[in-house]
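**Q** This is the structure, below, for whatever I ask next.
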Amino acid sequence: MSVTGKFITGLGIGAGLMYFNDPDRGRRRRALVRDKFYSIFAQSGRGLDKVWRDASNRSQGMVAEARRVAWGVGDLPDDVLAARVRSRLGRVSAHPHAIRVTAHDASVTLEGPVLASEHEQIIEAVRGIPGVRDVDDRMEIHESAGEVPALQGGARRPGHVPEYAQEHWTPAWRAGAAFLGGYMLVHGMRRGGALGRLGSLAGAGLLVRAAANVPLREAIGLGETSISVQKTVNICAPVEEVYSFWMNYRNFPRFMTHLAEVRDLGGGRSHWVAEGPGGTRFAWDAEITENVPNRVLAWRSLPGSDIENHGSVRFDPNPDGTTRITLRMFYAPPAGMLGHAVAALFRRDPRHEIDDDMARLKSLIEYGKTHAHGERVMRDELGYAPPAQ
């Protein structure tokens with residue numbers, strides 16, 4: 001190792017020791033790393049168990065399919081064959097319950113109303129079921145739902161979708177894709193050249209797709225990605241006091257560590273600036289969409305925001321005079337699921353931040369003090385006075 005490399009390595013080790021042995025926050029940081037390690041270990045064990053069970057079930061299915069191809073399925077009982085047909089109808093018809101299915105000696109009879117746009121797809125799907133030799137089509141074809149009660153509502157079914165094209169992959173598929181993506185990434189980096197870079201890029205995309213378990217466009221932030229967060233906390237204070245404190249949201253940056261700025265723009269609108277991992281900042285404007293004093297407050301971000309979000313806060317009085325706060329929020333993280341995963345590693349995603357923020361809010365209202373940004377925050381310093389009882 002060169003002198004520069006040794007210097008950088010030593011510098012990194014020293015910075016790490018200073019970070020984890022800080023007299024003020026070192027103990028908490030070490031505890032967070034330990035808890036994170038245990039959590040990752042437990043999640044890995046559960047994940048491997050899911051992969052094993054999924055792979056085992058798939059292997060049994062492949063063996064059964066091979067036997068069917070080699071020797072056929074033979075004659076199935078009429079009730080079993082009818083059940084298979086009903087199960088298949090749920091994949092290709094928006095109104096499977098409108099179709100009556102009977103089976104006799106491997107012959108299936110279909111009756112009832114059906115949309116013309118689904119008719120051929122239904123017949124083809126039923127004929128492809130192992131054990132079906134003949135299909136007796138007695139269905140009533142309708143160009144539109146019109147006045148037919150059985151054809152009202154429902155959602156169009158996509159039919160059979162290959163595993164690789166589905167929105168969410170099974171554990172075995174994810175594990176296989178991650179292994180293949182990692183191999184392509186490493187092999188492409190070693191090979192070099194245009195083909196090597198192309199292989200590395202494809203491998204990285206496959207790794208991201210497997211890790212996020214959503215379509216790649218959503219994983220990298222090119223599609224619509226929405227993450228939901230819900231948190232409930234009980235505060236020992238009357239609902240009027242809790243609601244009044246919450247409405248002073250300009251004070252949020254004092255005790256909510258991920259917020260850098262909140263400005264009231266008037267007319268139910270406000271400007272928010274949040275800090276992300278690595279010193280990044282994201283800004284958005286929000287407007288209040290519902291405000292029932294002492295009951296509910298709802299908001300949504302305005303077009304052009306760095307982070308699209310909306311949500312609500314409910315204030316419910318408990319029988320003992322305390323208050324239950326229920327926060328629900330939906331947001332689209334920058335860079336999609338990949339950006340959310342990176343933020344989660346630094347504990348700078350809303351799911352982690354809200355837990356800490358609500359704990360500090362509870363401490364401020366109940367005890368009049370909390371800690372944020374490395375210093376003590378007093379409720380009296382926020383210019384807040386509880387409402388008159």
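Naming works like this for the structure tokens: A, B, ... for the chains as they're shown, residue 1 at the start of each chain, ligands 1 onward in shown order.
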Within segment 154-330 of chain A, find each residue whose DSSP state, derived from the backbone, is strand (DSSP E), and express the selection as a VMD selection string.

**A** chain A and resid 227 to 235 259 to 266 269 to 275 281 to 292 296 to 301 308 to 317 323 to 330

**Q** Emit the selected residues as a JSON list (two decimals), in the first residue's frame, including C-alpha atoms.

**A**
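What follows is the written file selection-v9.json:
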[["chain", "number", "residue", "atom", "x", "y", "z"],
["A", 227, "ILE", "CA", -44.08, 5.02, 0.46],
["A", 228, "SER", "CA", -46.50, 5.15, 3.36],
["A", 229, "VAL", "CA", -45.64, 6.00, 6.96],
["A", 230, "GLN", "CA", -47.96, 5.70, 9.96],
["A", 231, "LYS", "CA", -47.18, 6.56, 13.57],
["A", 232, "THR", "CA", -49.41, 6.68, 16.65],
["A", 233, "VAL", "CA", -48.36, 8.18, 19.99],
["A", 234, "ASN", "CA", -50.22, 9.05, 23.19],
["A", 235, "ILE", "CA", -49.42, 12.37, 24.87],
["A", 259, "LEU", "CA", -36.06, 19.93, 9.04],
["A", 260, "ALA", "CA", -33.89, 22.95, 8.27],
["A", 261, "GLU", "CA", -36.62, 25.53, 7.69],
["A", 262, "VAL", "CA", -40.39, 26.00, 7.76],
["A", 263, "ARG", "CA", -41.98, 29.27, 6.63],
["A", 264, "ASP", "CA", -45.63, 30.25, 6.77],
["A", 265, "LEU", "CA", -46.61, 31.67, 3.37],
["A", 266, "GLY", "CA", -50.14, 32.56, 4.42],
["A", 269, "ARG", "CA", -49.59, 27.42, 2.51],
["A", 270, "SER", "CA", -46.08, 26.88, 3.85],
["A", 271, "HIS", "CA", -42.52, 26.32, 2.62],
["A", 272, "TRP", "CA", -40.48, 23.38, 3.95],
["A", 273, "VAL", "CA", -36.79, 22.51, 3.64],
["A", 274, "ALA", "CA", -35.52, 19.09, 4.80],
["A", 275, "GLU", "CA", -31.99, 17.75, 5.14],
["A", 281, "ARG", "CA", -31.46, 19.44, 0.96],
["A", 282, "PHE", "CA", -34.97, 19.07, -0.46],
["A", 283, "ALA", "CA", -37.62, 21.78, -0.55],
["A", 284, "TRP", "CA", -41.36, 21.78, -1.16],
["A", 285, "ASP", "CA", -44.41, 23.96, -0.72],
["A", 286, "ALA", "CA", -47.47, 22.51, 0.99],
["A", 287, "GLU", "CA", -51.07, 23.54, 1.42],
["A", 288, "ILE", "CA", -53.60, 22.57, 4.05],
["A", 289, "THR", "CA", -56.47, 20.61, 2.50],
["A", 290, "GLU", "CA", -58.49, 19.99, 5.67],
["A", 291, "ASN", "CA", -58.40, 21.61, 9.09],
["A", 292, "VAL", "CA", -60.94, 20.69, 11.75],
["A", 296, "VAL", "CA", -57.80, 16.56, 12.04],
["A", 297, "LEU", "CA", -55.25, 18.38, 9.90],
["A", 298, "ALA", "CA", -54.48, 17.28, 6.33],
["A", 299, "TRP", "CA", -52.03, 18.60, 3.74],
["A", 300, "ARG", "CA", -50.49, 17.96, 0.35],
["A", 301, "SER", "CA", -47.42, 19.21, -1.48],
["A", 308, "GLU", "CA", -44.18, 14.93, -3.42],
["A", 309, "ASN", "CA", -46.10, 14.11, -0.25],
["A", 310, "HIS", "CA", -49.49, 14.24, 1.41],
["A", 311, "GLY", "CA", -50.92, 13.09, 4.68],
["A", 312, "SER", "CA", -52.99, 13.83, 7.75],
["A", 313, "VAL", "CA", -52.77, 14.08, 11.53],
["A", 314, "ARG", "CA", -55.69, 13.03, 13.73],
["A", 315, "PHE", "CA", -56.11, 14.24, 17.30],
["A", 316, "ASP", "CA", -58.32, 11.90, 19.33],
["A", 317, "PRO", "CA", -59.08, 12.51, 23.02],
["A", 323, "THR", "CA", -54.51, 12.68, 23.48],
["A", 324, "ARG", "CA", -53.78, 10.09, 20.81],
["A", 325, "ILE", "CA", -52.02, 11.45, 17.71],
["A", 326, "THR", "CA", -52.20, 9.38, 14.52],
["A", 327, "LEU", "CA", -49.92, 10.55, 11.72],
["A", 328, "ARG", "CA", -50.30, 9.13, 8.21],
["A", 329, "MET", "CA", -48.02, 10.27, 5.41],
["A", 330, "PHE", "CA", -47.36, 9.21, 1.83]]

**Q** Could you please write out, as an MDAnalysis selection string, every residue of segment 47-136 of chain A that DSSP assigns to helix (DSSP H, G or I)?

**A** chainID A and resid 47:71 78:92 96:98 116:127

**Q** How would the residues just picked look written out with C-alpha atoms as a PDB file, in the first residue's frame?

**A**
ATOM      1  CA  GLY A  47     -35.081 -13.840   4.030  1.00  0.00           C
ATOM      2  CA  LEU A  48     -33.044 -17.005   3.473  1.00  0.00           C
ATOM      3  CA  ASP A  49     -35.868 -19.084   4.929  1.00  0.00           C
ATOM      4  CA  LYS A  50     -38.325 -17.502   2.472  1.00  0.00           C
ATOM      5  CA  VAL A  51     -35.972 -18.132  -0.445  1.00  0.00           C
ATOM      6  CA  TRP A  52     -35.516 -21.780   0.568  1.00  0.00           C
ATOM      7  CA  ARG A  53     -39.249 -22.446   0.921  1.00  0.00           C
ATOM      8  CA  ASP A  54     -40.049 -20.678  -2.349  1.00  0.00           C
ATOM      9  CA  ALA A  55     -37.332 -22.582  -4.234  1.00  0.00           C
ATOM     10  CA  SER A  56     -38.490 -25.880  -2.708  1.00  0.00           C
ATOM     11  CA  ASN A  57     -42.106 -25.268  -3.718  1.00  0.00           C
ATOM     12  CA  ARG A  58     -41.058 -24.296  -7.233  1.00  0.00           C
ATOM     13  CA  SER A  59     -38.918 -27.388  -7.646  1.00  0.00           C
ATOM     14  CA  GLN A  60     -41.857 -29.569  -6.626  1.00  0.00           C
ATOM     15  CA  GLY A  61     -44.025 -27.744  -9.140  1.00  0.00           C
ATOM     16  CA  MET A  62     -41.469 -28.283 -11.913  1.00  0.00           C
ATOM     17  CA  VAL A  63     -41.321 -31.994 -11.131  1.00  0.00           C
ATOM     18  CA  ALA A  64     -45.122 -32.210 -11.211  1.00  0.00           C
ATOM     19  CA  GLU A  65     -45.210 -30.339 -14.538  1.00  0.00           C
ATOM     20  CA  ALA A  66     -42.609 -32.683 -16.021  1.00  0.00           C
ATOM     21  CA  ARG A  67     -44.675 -35.686 -14.956  1.00  0.00           C
ATOM     22  CA  ARG A  68     -47.779 -34.129 -16.512  1.00  0.00           C
ATOM     23  CA  VAL A  69     -45.974 -33.606 -19.835  1.00  0.00           C
ATOM     24  CA  ALA A  70     -44.561 -37.123 -19.801  1.00  0.00           C
ATOM     25  CA  TRP A  71     -47.613 -39.114 -18.662  1.00  0.00           C
ATOM     26  CA  ASP A  78     -65.488 -33.366 -12.176  1.00  0.00           C
ATOM     27  CA  ASP A  79     -65.440 -31.156  -9.070  1.00  0.00           C
ATOM     28  CA  VAL A  80     -61.628 -30.843  -9.162  1.00  0.00           C
ATOM     29  CA  LEU A  81     -61.652 -29.892 -12.845  1.00  0.00           C
ATOM     30  CA  ALA A  82     -64.428 -27.317 -12.291  1.00  0.00           C
ATOM     31  CA  ALA A  83     -62.448 -25.805  -9.412  1.00  0.00           C
ATOM     32  CA  ARG A  84     -59.381 -25.460 -11.640  1.00  0.00           C
ATOM     33  CA  VAL A  85     -61.456 -23.688 -14.278  1.00  0.00           C
ATOM     34  CA  ARG A  86     -62.916 -21.235 -11.736  1.00  0.00           C
ATOM     35  CA  SER A  87     -59.423 -20.477 -10.474  1.00  0.00           C
ATOM     36  CA  ARG A  88     -58.193 -19.741 -14.002  1.00  0.00           C
ATOM     37  CA  LEU A  89     -61.215 -17.515 -14.731  1.00  0.00           C
ATOM     38  CA  GLY A  90     -60.141 -15.201 -11.914  1.00  0.00           C
ATOM     39  CA  ARG A  91     -56.996 -14.376 -13.909  1.00  0.00           C
ATOM     40  CA  VAL A  92     -58.615 -13.574 -17.237  1.00  0.00           C
ATOM     41  CA  PRO A  96     -65.552 -14.484 -12.979  1.00  0.00           C
ATOM     42  CA  HIS A  97     -68.555 -14.981 -10.675  1.00  0.00           C
ATOM     43  CA  ALA A  98     -70.908 -14.218 -13.575  1.00  0.00           C
ATOM     44  CA  ALA A 116     -67.033  -9.522 -25.893  1.00  0.00           C
ATOM     45  CA  SER A 117     -63.547  -8.167 -25.179  1.00  0.00           C
ATOM     46  CA  GLU A 118     -62.883 -11.081 -22.792  1.00  0.00           C
ATOM     47  CA  HIS A 119     -64.680 -13.909 -24.612  1.00  0.00           C
ATOM     48  CA  GLU A 120     -61.838 -15.319 -26.715  1.00  0.00           C
ATOM     49  CA  GLN A 121     -59.323 -14.929 -23.898  1.00  0.00           C
ATOM     50  CA  ILE A 122     -61.558 -16.931 -21.554  1.00  0.00           C
ATOM     51  CA  ILE A 123     -62.067 -19.772 -24.051  1.00  0.00           C
ATOM     52  CA  GLU A 124     -58.329 -19.977 -24.769  1.00  0.00           C
ATOM     53  CA  ALA A 125     -57.448 -19.979 -21.069  1.00  0.00           C
ATOM     54  CA  VAL A 126     -59.913 -22.768 -20.229  1.00  0.00           C
ATOM     55  CA  ARG A 127     -58.756 -24.935 -23.145  1.00  0.00           C
TER      56      ARG A 127
END

**Q** May I ask for the distance between atom CA of Thr257 of chain A and atom CA of His373 of chain A, given in Å to one decimal place?

**A**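 Atom CA of His373 of chain A lies 6.3 Å from atom CA of Thr257 of chain A.
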
**Q** Separation of atom CA of Val108 of chain A and atom CA of Arg133 of chain A, in Å?

**A**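 So the answer is 8.1 Å.
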